[in-house]
$ cat query-v8.json   # JSON, C-alpha atoms
[["chain", "number", "residue", "atom", "x", "y", "z"],
["S", 5, "MET", "CA", 48.30, -52.69, 22.01],
["S", 6, "LYS", "CA", 45.87, -52.29, 19.11],
["S", 7, "GLU", "CA", 44.41, -48.86, 18.42],
["S", 8, "LYS", "CA", 40.64, -48.53, 18.53],
["S", 9, "LYS", "CA", 39.05, -47.38, 15.30],
["S", 10, "ILE", "CA", 36.87, -44.29, 15.47],
["S", 11, "THR", "CA", 33.50, -45.32, 14.09],
["S", 12, "GLY", "CA", 31.43, -42.31, 15.15],
["S", 13, "GLY", "CA", 31.37, -40.84, 11.65],
["S", 14, "ASN", "CA", 30.24, -44.12, 10.07],
["S", 15, "THR", "CA", 27.51, -44.50, 12.69],
["S", 16, "ILE", "CA", 26.17, -41.00, 11.95],
["S", 17, "ARG", "CA", 26.17, -41.66, 8.20],
["S", 18, "LYS", "CA", 24.33, -44.95, 8.65],
["S", 19, "SER", "CA", 21.74, -43.30, 10.90],
["S", 20, "THR", "CA", 21.27, -40.52, 8.39],
["S", 21, "ARG", "CA", 20.71, -42.98, 5.54],
["S", 22, "ARG", "CA", 18.25, -44.92, 7.67],
["S", 23, "TRP", "CA", 16.13, -42.11, 9.09],
["S", 24, "TRP", "CA", 16.15, -39.37, 6.42],
["S", 25, "PRO", "CA", 12.76, -40.42, 4.96],
["S", 26, "LEU", "CA", 11.17, -39.88, 8.37],
["S", 27, "PHE", "CA", 12.25, -36.23, 8.42],
["S", 28, "LEU", "CA", 12.06, -35.30, 4.74],
["S", 29, "GLY", "CA", 8.99, -37.37, 3.91],
["S", 30, "PRO", "CA", 6.31, -35.14, 5.54],
["S", 31, "VAL", "CA", 7.88, -31.96, 4.17],
["S", 32, "THR", "CA", 8.14, -33.41, 0.66],
["S", 33, "ALA", "CA", 4.56, -34.66, 0.79],
["S", 34, "ALA", "CA", 3.28, -31.28, 1.98],
["S", 35, "PHE", "CA", 5.24, -29.51, -0.76],
["S", 36, "CYS", "CA", 3.86, -31.81, -3.45],
["S", 37, "ILE", "CA", 0.27, -31.58, -2.18],
["S", 38, "GLY", "CA", 0.32, -27.85, -1.49],
["S", 39, "PHE", "CA", 2.40, -26.63, -4.45],
["S", 40, "VAL", "CA", 3.42, -29.12, -7.13],
["S", 41, "TRP", "CA", 0.00, -30.69, -7.70],
["S", 42, "PRO", "CA", -1.96, -27.39, -7.76],
["S", 43, "PHE", "CA", 0.69, -25.93, -10.06],
["S", 44, "LEU", "CA", 0.43, -28.80, -12.55],
["S", 45, "GLN", "CA", -3.36, -28.73, -12.31],
["S", 46, "GLY", "CA", -3.28, -24.98, -12.99],
["S", 47, "ILE", "CA", -1.24, -25.52, -16.17],
["S", 48, "TYR", "CA", -3.75, -28.16, -17.31],
["S", 49, "LEU", "CA", -6.74, -25.91, -16.56],
["S", 50, "SER", "CA", -5.13, -23.09, -18.56],
["S", 51, "LEU", "CA", -5.66, -25.35, -21.59],
["S", 52, "CYS", "CA", -9.31, -26.00, -20.73],
["S", 53, "LYS", "CA", -12.68, -24.31, -20.83],
["S", 54, "PHE", "CA", -14.40, -24.78, -17.50],
["S", 55, "ARG", "CA", -16.83, -23.37, -15.03],
["S", 56, "LEU", "CA", -16.03, -25.98, -12.41],
["S", 57, "ILE", "CA", -12.90, -28.13, -12.30],
["S", 58, "SER", "CA", -15.02, -31.25, -12.65],
["S", 59, "ASP", "CA", -16.37, -30.18, -16.08],
["S", 60, "ALA", "CA", -13.08, -28.98, -17.60],
["S", 61, "GLU", "CA", -12.95, -29.42, -21.38],
["S", 62, "LEU", "CA", -9.56, -29.42, -23.11],
["S", 63, "ILE", "CA", -9.43, -26.75, -25.86],
["S", 64, "GLY", "CA", -5.68, -26.26, -26.41],
["S", 65, "PHE", "CA", -4.02, -22.84, -26.45],
["S", 66, "GLY", "CA", -7.18, -20.84, -27.11],
["S", 67, "ASN", "CA", -7.10, -19.31, -23.64],
["S", 68, "TYR", "CA", -3.58, -18.01, -24.22],
["S", 69, "VAL", "CA", -4.61, -16.42, -27.50],
["S", 70, "LYS", "CA", -7.51, -14.66, -25.75],
["S", 71, "ALA", "CA", -5.21, -13.56, -22.92],
["S", 72, "PHE", "CA", -2.76, -11.88, -25.30],
["S", 73, "GLN", "CA", -5.64, -10.30, -27.23],
["S", 74, "ASP", "CA", -7.09, -8.80, -24.04],
["S", 75, "ALA", "CA", -6.30, -5.07, -24.03],
["S", 76, "SER", "CA", -6.78, -4.87, -20.26],
["S", 77, "PHE", "CA", -4.15, -7.58, -19.73],
["S", 78, "THR", "CA", -1.66, -5.77, -21.98],
["S", 79, "HIS", "CA", -2.29, -2.50, -20.16],
["S", 80, "ALA", "CA", -1.91, -4.21, -16.76],
["S", 81, "PHE", "CA", 1.39, -5.74, -17.89],
["S", 82, "TRP", "CA", 2.99, -2.43, -18.88],
["S", 83, "TYR", "CA", 1.53, -0.66, -15.87],
["S", 84, "THR", "CA", 2.91, -3.35, -13.55],
["S", 85, "ALA", "CA", 6.31, -3.29, -15.27],
["S", 86, "LEU", "CA", 6.56, 0.49, -14.81],
["S", 87, "PHE", "CA", 5.47, 0.16, -11.20],
["S", 88, "ALA", "CA", 7.92, -2.68, -10.48],
["S", 89, "VAL", "CA", 10.92, -0.82, -11.94],
["S", 90, "THR", "CA", 10.05, 2.46, -10.21],
["S", 91, "SER", "CA", 9.44, 0.84, -6.83],
["S", 92, "LEU", "CA", 12.59, -1.31, -7.16],
["S", 93, "VAL", "CA", 14.80, 1.75, -7.65],
["S", 94, "LEU", "CA", 13.17, 3.90, -4.96],
["S", 95, "ILE", "CA", 12.91, 1.18, -2.32],
["S", 96, "ASN", "CA", 16.50, 0.01, -2.68],
["S", 97, "VAL", "CA", 18.06, 3.48, -2.88],
["S", 98, "LEU", "CA", 16.12, 4.75, 0.13],
["S", 99, "ALA", "CA", 16.54, 1.54, 2.15],
["S", 100, "PHE", "CA", 20.30, 1.54, 1.54],
["S", 101, "ALA", "CA", 20.53, 5.23, 2.44],
["S", 102, "VAL", "CA", 18.65, 4.66, 5.71],
["S", 103, "ALA", "CA", 20.71, 1.56, 6.53],
["S", 104, "TYR", "CA", 23.96, 3.39, 5.81],
["S", 105, "ALA", "CA", 22.92, 6.30, 8.04],
["S", 106, "LEU", "CA", 21.92, 3.97, 10.88],
["S", 107, "THR", "CA", 25.30, 2.20, 10.82],
["S", 108, "GLN", "CA", 27.23, 5.45, 11.40],
["S", 109, "ASN", "CA", 26.97, 5.25, 15.21],
["S", 110, "ILE", "CA", 24.22, 7.84, 15.53],
["S", 111, "LYS", "CA", 22.23, 8.12, 18.75],
["S", 112, "GLY", "CA", 18.94, 6.22, 18.88],
["S", 113, "SER", "CA", 19.77, 4.01, 15.89],
["S", 114, "ASN", "CA", 18.00, 0.99, 17.43],
["S", 115, "LEU", "CA", 14.84, 3.04, 17.94],
["S", 116, "PHE", "CA", 14.95, 4.29, 14.35],
["S", 117, "ARG", "CA", 15.38, 0.71, 13.08],
["S", 118, "THR", "CA", 12.28, -0.37, 14.98],
["S", 119, "VAL", "CA", 10.22, 2.58, 13.73],
["S", 120, "PHE", "CA", 11.23, 2.04, 10.09],
["S", 121, "PHE", "CA", 10.54, -1.71, 10.30],
["S", 122, "MET", "CA", 7.10, -1.46, 11.91],
["S", 123, "PRO", "CA", 5.07, -0.70, 8.71],
["S", 124, "ASN", "CA", 6.17, -4.08, 7.34],
["S", 125, "LEU", "CA", 4.19, -5.76, 10.12],
["S", 126, "ILE", "CA", 0.88, -4.27, 8.92],
["S", 127, "GLY", "CA", -1.18, -6.24, 6.41],
["S", 128, "GLY", "CA", -1.47, -4.99, 2.84],
["S", 129, "ILE", "CA", -5.27, -4.60, 2.90],
["S", 130, "VAL", "CA", -5.11, -2.54, 6.08],
["S", 131, "LEU", "CA", -2.33, -0.36, 4.65],
["S", 132, "GLY", "CA", -4.32, 0.17, 1.47],
["S", 133, "TYR", "CA", -7.40, 1.44, 3.30],
["S", 134, "ILE", "CA", -5.32, 3.59, 5.68],
["S", 135, "TRP", "CA", -3.48, 5.29, 2.83],
["S", 136, "SER", "CA", -6.66, 5.67, 0.78],
["S", 137, "MET", "CA", -8.12, 7.77, 3.61],
["S", 138, "ILE", "CA", -4.89, 9.76, 3.91],
["S", 139, "PHE", "CA", -4.70, 10.48, 0.18],
["S", 140, "ASP", "CA", -8.41, 11.31, -0.09],
["S", 141, "GLY", "CA", -8.03, 13.75, 2.78],
["S", 142, "ILE", "CA", -5.13, 15.46, 1.03],
["S", 143, "LEU", "CA", -6.64, 15.44, -2.47],
["S", 144, "SER", "CA", -10.04, 16.65, -1.26],
["S", 145, "ARG", "CA", -8.51, 20.14, -1.12],
["S", 146, "PHE", "CA", -8.04, 19.92, -4.89],
["S", 147, "ASN", "CA", -11.60, 18.59, -5.46],
["S", 148, "THR", "CA", -10.34, 15.24, -6.68],
["S", 149, "SER", "CA", -9.79, 11.71, -5.41],
["S", 150, "ILE", "CA", -7.17, 9.02, -5.82],
["S", 151, "LEU", "CA", -9.86, 6.92, -7.54],
["S", 152, "LEU", "CA", -10.41, 9.59, -10.20],
["S", 153, "ASN", "CA", -6.83, 10.20, -11.35],
["S", 154, "SER", "CA", -4.54, 7.45, -12.62],
["S", 155, "LYS", "CA", -1.35, 9.45, -11.91],
["S", 156, "PHE", "CA", -2.35, 9.93, -8.28],
["S", 157, "GLY", "CA", -3.20, 6.23, -8.10],
["S", 158, "PHE", "CA", 0.20, 5.22, -9.47],
["S", 159, "TRP", "CA", 2.21, 7.40, -7.12],
["S", 160, "GLY", "CA", -0.08, 6.51, -4.25],
["S", 161, "LEU", "CA", 0.80, 2.85, -4.79],
["S", 162, "ILE", "CA", 4.50, 3.75, -5.00],
["S", 163, "ILE", "CA", 4.37, 5.69, -1.72],
["S", 164, "LEU", "CA", 2.47, 2.89, -0.02],
["S", 165, "MET", "CA", 4.89, 0.23, -1.27],
["S", 166, "CYS", "CA", 7.95, 2.25, -0.24],
["S", 167, "TRP", "CA", 6.52, 2.96, 3.20],
["S", 168, "GLN", "CA", 5.88, -0.74, 3.77],
["S", 169, "GLN", "CA", 9.01, -2.28, 2.23],
["S", 170, "ILE", "CA", 11.85, 0.14, 3.02],
["S", 171, "GLY", "CA", 12.10, -0.99, 6.65],
["S", 172, "TYR", "CA", 12.38, -4.66, 5.71],
["S", 173, "MET", "CA", 15.05, -4.03, 3.06],
["S", 174, "MET", "CA", 16.83, -1.74, 5.54],
["S", 175, "ILE", "CA", 17.36, -4.68, 7.92],
["S", 176, "ILE", "CA", 18.96, -6.74, 5.13],
["S", 177, "TYR", "CA", 21.21, -3.85, 4.13],
["S", 178, "ILE", "CA", 22.26, -3.25, 7.73],
["S", 179, "ALA", "CA", 23.31, -6.90, 8.01],
["S", 180, "GLY", "CA", 25.34, -6.53, 4.82],
["S", 181, "LEU", "CA", 26.97, -3.27, 5.92],
["S", 182, "GLN", "CA", 27.96, -4.73, 9.28],
["S", 183, "ALA", "CA", 29.63, -7.65, 7.48],
["S", 184, "VAL", "CA", 31.97, -5.41, 5.45],
["S", 185, "PRO", "CA", 35.56, -6.10, 6.66],
["S", 186, "GLU", "CA", 36.83, -3.19, 8.73],
["S", 187, "ASP", "CA", 40.38, -3.73, 7.51],
["S", 188, "MET", "CA", 39.32, -2.97, 3.93],
["S", 189, "ILE", "CA", 37.66, 0.29, 4.99],
["S", 190, "GLU", "CA", 40.68, 1.21, 7.11],
["S", 191, "ALA", "CA", 43.03, 0.45, 4.21],
["S", 192, "ALA", "CA", 40.99, 2.73, 1.96],
["S", 193, "ARG", "CA", 41.23, 5.54, 4.51],
["S", 194, "ILE", "CA", 44.99, 5.10, 4.83],
["S", 195, "ASP", "CA", 45.30, 5.29, 1.06],
["S", 196, "GLY", "CA", 43.52, 8.63, 1.14],
["S", 197, "ALA", "CA", 40.11, 7.60, -0.22],
["S", 198, "THR", "CA", 37.24, 9.96, 0.46],
["S", 199, "LYS", "CA", 33.98, 8.80, 2.04],
["S", 200, "ALA", "CA", 32.31, 8.72, -1.36],
["S", 201, "GLN", "CA", 35.14, 6.69, -2.88],
["S", 202, "THR", "CA", 35.09, 4.29, 0.06],
["S", 203, "LEU", "CA", 31.33, 3.91, -0.29],
["S", 204, "PHE", "CA", 31.32, 3.17, -4.02],
["S", 205, "ARG", "CA", 34.64, 1.32, -4.31],
["S", 206, "VAL", "CA", 34.67, -0.70, -1.07],
["S", 207, "THR", "CA", 31.33, -0.74, 0.76],
["S", 208, "ILE", "CA", 28.84, -1.26, -2.08],
["S", 209, "PRO", "CA", 30.85, -4.07, -3.81],
["S", 210, "ASN", "CA", 30.98, -5.91, -0.48],
["S", 211, "VAL", "CA", 27.24, -5.40, 0.09],
["S", 212, "MET", "CA", 26.30, -6.88, -3.31],
["S", 213, "PRO", "CA", 24.88, -10.10, -1.76],
["S", 214, "SER", "CA", 22.40, -7.96, 0.20],
["S", 215, "ILE", "CA", 21.67, -5.89, -2.91],
["S", 216, "THR", "CA", 20.96, -9.11, -4.83],
["S", 217, "ILE", "CA", 18.44, -10.28, -2.23],
["S", 218, "CYS", "CA", 16.74, -6.88, -1.87],
["S", 219, "MET", "CA", 16.47, -6.34, -5.61],
["S", 220, "PHE", "CA", 14.97, -9.82, -6.05],
["S", 221, "LEU", "CA", 12.41, -9.23, -3.31],
["S", 222, "SER", "CA", 11.56, -5.74, -4.58],
["S", 223, "LEU", "CA", 11.13, -6.93, -8.17],
["S", 224, "THR", "CA", 8.97, -9.92, -7.35],
["S", 225, "ASN", "CA", 6.90, -8.02, -4.78],
["S", 226, "GLY", "CA", 6.32, -5.25, -7.29],
["S", 227, "PHE", "CA", 4.98, -7.66, -9.90],
["S", 228, "LYS", "CA", 2.94, -9.69, -7.41],
["S", 229, "LEU", "CA", 1.30, -6.72, -5.69],
["S", 230, "PHE", "CA", -2.40, -7.44, -5.16],
["S", 231, "ASP", "CA", -3.93, -6.56, -1.81],
["S", 232, "GLN", "CA", -2.63, -2.99, -1.70],
["S", 233, "ASN", "CA", -3.80, -2.44, -5.28],
["S", 234, "LEU", "CA", -7.24, -3.80, -4.43],
["S", 235, "ALA", "CA", -7.64, -1.72, -1.28],
["S", 236, "LEU", "CA", -6.17, 1.56, -2.52],
["S", 237, "THR", "CA", -7.52, 1.97, -6.07],
["S", 238, "ALA", "CA", -9.27, -1.30, -7.08],
["S", 239, "GLY", "CA", -8.02, -0.48, -10.59],
["S", 240, "GLN", "CA", -9.93, 2.78, -10.90],
["S", 241, "PRO", "CA", -10.44, 5.02, -12.83],
["S", 242, "PHE", "CA", -11.97, 3.21, -15.81],
["S", 243, "ILE", "CA", -11.63, 3.81, -19.55],
["S", 244, "ILE", "CA", -14.38, 2.58, -21.86],
["S", 245, "GLN", "CA", -13.01, 1.26, -25.14],
["S", 246, "PRO", "CA", -14.84, 1.75, -28.50],
["S", 247, "ASP", "CA", -15.74, -1.95, -28.51],
["S", 248, "GLY", "CA", -17.44, -1.59, -25.12],
["S", 249, "SER", "CA", -14.69, -3.26, -23.09],
["S", 250, "THR", "CA", -13.28, -1.61, -19.98],
["S", 251, "ILE", "CA", -9.67, -0.90, -19.08],
["S", 252, "LYS", "CA", -8.89, -0.16, -15.44],
["S", 253, "THR", "CA", -6.02, 2.29, -15.58],
["S", 254, "THR", "CA", -4.44, 1.42, -12.20],
["S", 255, "GLU", "CA", -5.07, -2.32, -12.38],
["S", 256, "MET", "CA", -1.97, -4.47, -11.96],
["S", 257, "LEU", "CA", -1.42, -8.00, -13.24],
["S", 258, "ALA", "CA", -2.47, -9.91, -10.13],
["S", 259, "LEU", "CA", -5.68, -7.88, -9.79],
["S", 260, "ASN", "CA", -6.38, -8.27, -13.52],
["S", 261, "ILE", "CA", -6.15, -12.05, -13.19],
["S", 262, "TYR", "CA", -8.45, -11.98, -10.16],
["S", 263, "ASN", "CA", -11.04, -9.80, -11.93],
["S", 264, "THR", "CA", -10.88, -11.98, -15.04],
["S", 265, "PHE", "CA", -11.42, -15.20, -13.09],
["S", 266, "TYR", "CA", -14.44, -13.81, -11.25],
["S", 267, "GLY", "CA", -15.83, -11.99, -14.29],
["S", 268, "SER", "CA", -19.33, -12.45, -15.66],
["S", 269, "ASN", "CA", -18.14, -14.40, -18.72],
["S", 270, "SER", "CA", -18.65, -18.14, -18.26],
["S", 271, "ALA", "CA", -15.40, -18.86, -20.16],
["S", 272, "SER", "CA", -13.30, -16.39, -18.19],
["S", 273, "GLN", "CA", -11.86, -18.91, -15.72],
["S", 274, "GLY", "CA", -9.74, -20.62, -18.39],
["S", 275, "VAL", "CA", -8.47, -17.28, -19.69],
["S", 276, "ALA", "CA", -7.61, -16.17, -16.15],
["S", 277, "GLN", "CA", -5.74, -19.42, -15.59],
["S", 278, "ALA", "CA", -3.76, -18.84, -18.79],
["S", 279, "LYS", "CA", -2.95, -15.33, -17.59],
["S", 280, "ALA", "CA", -1.75, -16.80, -14.29],
["S", 281, "VAL", "CA", 0.64, -19.17, -16.08],
["S", 282, "ILE", "CA", 1.99, -16.30, -18.19],
["S", 283, "PHE", "CA", 2.33, -14.27, -15.01],
["S", 284, "PHE", "CA", 4.33, -17.05, -13.34],
["S", 285, "VAL", "CA", 6.69, -17.44, -16.31],
["S", 286, "LEU", "CA", 7.19, -13.67, -16.45],
["S", 287, "VAL", "CA", 8.00, -13.21, -12.75],
["S", 288, "ALA", "CA", 10.17, -16.34, -12.57],
["S", 289, "GLY", "CA", 12.11, -15.37, -15.70],
["S", 290, "LEU", "CA", 12.73, -11.79, -14.57],
["S", 291, "GLY", "CA", 13.67, -12.91, -11.06],
["S", 292, "LEU", "CA", 16.19, -15.49, -12.29],
["S", 293, "ALA", "CA", 17.67, -13.04, -14.81],
["S", 294, "GLN", "CA", 18.12, -10.42, -12.09],
["S", 295, "LEU", "CA", 19.70, -12.97, -9.72],
["S", 296, "GLY", "CA", 22.12, -14.11, -12.41],
["S", 297, "TYR", "CA", 23.15, -10.56, -13.29],
["S", 298, "THR", "CA", 23.66, -9.21, -9.78],
["S", 299, "ARG", "CA", 25.46, -12.33, -8.53],
["S", 300, "LYS", "CA", 28.17, -11.71, -11.12],
["S", 301, "LYS", "CA", 28.81, -8.38, -9.39],
["S", 302, "GLU", "CA", 29.33, -9.91, -5.95],
["S", 303, "VAL", "CA", 32.77, -9.76, -4.38],
["S", 304, "GLN", "CA", 34.23, -13.01, -3.07],
["S", 305, "GLN", "CA", 35.57, -12.34, 0.43]]
$ encode --input "query-v8.json" --output "structure tokens"
Amino acid sequence: MKEKKITGGNTIRKSTRRWWPLFLGPVTAAFCIGFVWPFLQGIYLSLCKFRLISDAELIGFGNYVKAFQDASFTHAFWYTALFAVTSLVLINVLAFAVAYALTQNIKGSNLFRTVFFMPNLIGGIVLGYIWSMIFDGILSRFNTSILLNSKFGFWGLIILMCWQQIGYMMIIYIAGLQAVPEDMIEAARIDGATKAQTLFRVTIPNVMPSITICMFLSLTNGFKLFDQNLALTAGQPFIIQPDGSTIKTTEMLALNIYNTFYGSNSASQGVAQAKAVIFFVLVAGLGLAQLGYTRKKEVQQ
């Protein structure tokens, strides 16, 4: 009696080869229309002088030269870099601490997780206006305002960002902590390791994939911050330069690009587009560098 050949696998592969365009086609088309084409058009417009897209005139790299010569753009870059690094450290340290505490079998841990996560559900503009009222109420006792002091504006943005992001990063860290093999922790205890040694020698190395994700999100979110910056400080206070130009001391990169594009100068759109391309290269480069570095620290389980 002849054995029947199992052809199920071949049938599935043939069906996959036949029907994959039906499933991937719409997604690919949407991606190209919604991202690839606008991105390529943005790079082209960064090389043009234009008021409307229809009257774009190619001028080369002049917009990039003006972008790098803009003192407000340089200030926004360093201000954003300081903000991104500070928020990255605070958010990840506090989120990991909260996640670690909530995985120690304390009572009401599920309630605490919900409470900490809820601020992430509120929109950035709403959060900015809420915290602006809170800070103004506190600072009114000192006869000042968050819009009149750049230090208060910086730390106000840090507090707002931490309050919004810690709960989201906490969930990622909790997932990583719960995935740490119990036998490794038990082996460390048997060998006489203290809680601190177990944390730094066993737990954290095994949570490195979660740390990689959270650091990437914190870094990119810090550089891309816009709506909270607009609602909380709008870049204020201002500094008038000797040449008559204005530097907004709490203005971050995304807000600087927005203000440049909608400025009164008829040639500002091209400069803003050049700033946007520089901004993309900066964030993408830093994000990829951070991913490459932290992934080397991950432990293969």
$ closest_atom_pairs --input "query-v8.json" --of "range 149-213 of chain S" --to "range 111-116 of chain S" --cutoff "12 Å" --atoms "all atoms listed in the file" --output "tab-separated table"
residue	atom	partner	partner_atom	distance
S:Gly171	CA	S:Phe116	CA	9.8
S:Met174	CA	S:Phe116	CA	10.8
S:Ile175	CA	S:Asn114	CA	11.1
S:Ile178	CA	S:Ser113	CA	11.2
$ closest_atom_pairs --input "query-v8.json" --of "range 70-185 of chain S" --to "range 235-245 of chain S" --cutoff "9 Å" --atoms "all atoms listed in the file" --output "tab-separated table"
residue	atom	partner	partner_atom	distance
S:Gly128	CA	S:Ala235	CA	8.1
S:Ile129	CA	S:Ala235	CA	5.6
S:Val130	CA	S:Ala235	CA	7.8
S:Leu131	CA	S:Ala235	CA	8.1
S:Gly132	CA	S:Leu236	CA	4.6
S:Tyr133	CA	S:Ala235	CA	5.6
S:Ile134	CA	S:Leu236	CA	8.5
S:Trp135	CA	S:Leu236	CA	7.1
S:Ser136	CA	S:Leu236	CA	5.3
S:Met137	CA	S:Leu236	CA	8.9
S:Ile150	CA	S:Thr237	CA	7.1
S:Leu151	CA	S:Gln240	CA	5.3
S:Leu152	CA	S:Pro241	CA	5.3
S:Asn153	CA	S:Pro241	CA	6.5
S:Ser154	CA	S:Pro241	CA	6.4
S:Gly157	CA	S:Thr237	CA	6.4
S:Gly160	CA	S:Leu236	CA	8.0
S:Leu161	CA	S:Leu236	CA	7.4
$ closest_residue --input "query-v8.json" --among "S:Met122, S:Ala71, S:Leu229, S:Val184" --to "Val211 in chain S" --atoms "only C-alpha atoms"
S:Val184
$ residues_near_point --input "query-v8.json" --point "(-16.4, -21.5, -11.6)" --cutoff "10 Å" --atoms "only C-alpha atoms" --output "PyMOL selection string"
chain S and resi 54-59+265-267+270-274
$ closest_atom_pairs --input "query-v8.json" --of "range 122-222 of chain S" --to "range 76-87 of chain S" --cutoff "10 Å" --atoms "all atoms listed in the file" --output "CSV"
residue,atom,partner,partner_atom,distance
S:Phe158,CA,S:Phe87,CA,7.5
S:Trp159,CA,S:Phe87,CA,8.9
S:Leu161,CA,S:Phe87,CA,8.4
S:Ile162,CA,S:Phe87,CA,7.2
S:Met165,CA,S:Phe87,CA,9.9
$ atom_distance --input "query-v8.json" --atom1 "CA of Leu98 in chain S" --atom2 "CA of Ile170 in chain S"
6.9 Å
$ axis_aligned_box --input "query-v8.json" --around "range 232-246 of chain S" --padding-each-side "6 Å" --output "lines of an AutoDock Vina configuration file"
center_x = -8.7
center_y = 0.6
center_z = -14.9
size_x = 24.2
size_y = 20.8
size_z = 39.2
$ atom_distance --input "query-v8.json" --atom1 "CA of Tyr297 in chain S" --atom2 "CA of Leu221 in chain S"
14.7 Å
$ closest_residue --input "query-v8.json" --among "S:Ile63, S:Leu295, S:Ile126, S:Leu26" --to "Leu223 in chain S" --atoms "only C-alpha atoms"
S:Leu295
$ atom_distance --input "query-v8.json" --atom1 "CA of Ile163 in chain S" --atom2 "CA of Asn233 in chain S"
12.1 Å
$ residues_around --input "query-v8.json" --residues "Arg299 in chain S" --least-positions-apart "2" --cutoff "8 Å" --atoms "only C-alpha atoms" --output "VMD selection string"
chain S and resid 212 to 213 216 295 to 297 301 to 302
$ write_last_selection --input "query-v8.json" --atoms "C-alpha atoms" --output "compact mmCIF listing (two decimals), keeping the file's coordinate frame"
# COMPACT_ATOMS: atom_id res chain seq x y z
CA MET S 212 26.30 -6.88 -3.31
CA PRO S 213 24.88 -10.10 -1.76
CA THR S 216 20.96 -9.11 -4.83
CA LEU S 295 19.70 -12.97 -9.72
CA GLY S 296 22.12 -14.11 -12.41
CA TYR S 297 23.15 -10.56 -13.29
CA LYS S 301 28.81 -8.38 -9.39
CA GLU S 302 29.33 -9.91 -5.95
$ closest_residue --input "query-v8.json" --among "S:Phe220, S:Phe284, S:Tyr177, S:Phe35" --to "Val89 in chain S" --atoms "only C-alpha atoms"
S:Phe220
$ closest_residue --input "query-v8.json" --among "S:Thr198, S:Ser144, S:Gly29, S:Cys166" --to "Leu92 in chain S" --atoms "all atoms listed in the file"
S:Cys166
$ closest_residue --input "query-v8.json" --among "S:Ala103, S:Val287, S:Val281, S:Ile189" --to "Pro42 in chain S" --atoms "all atoms listed in the file"
S:Val281
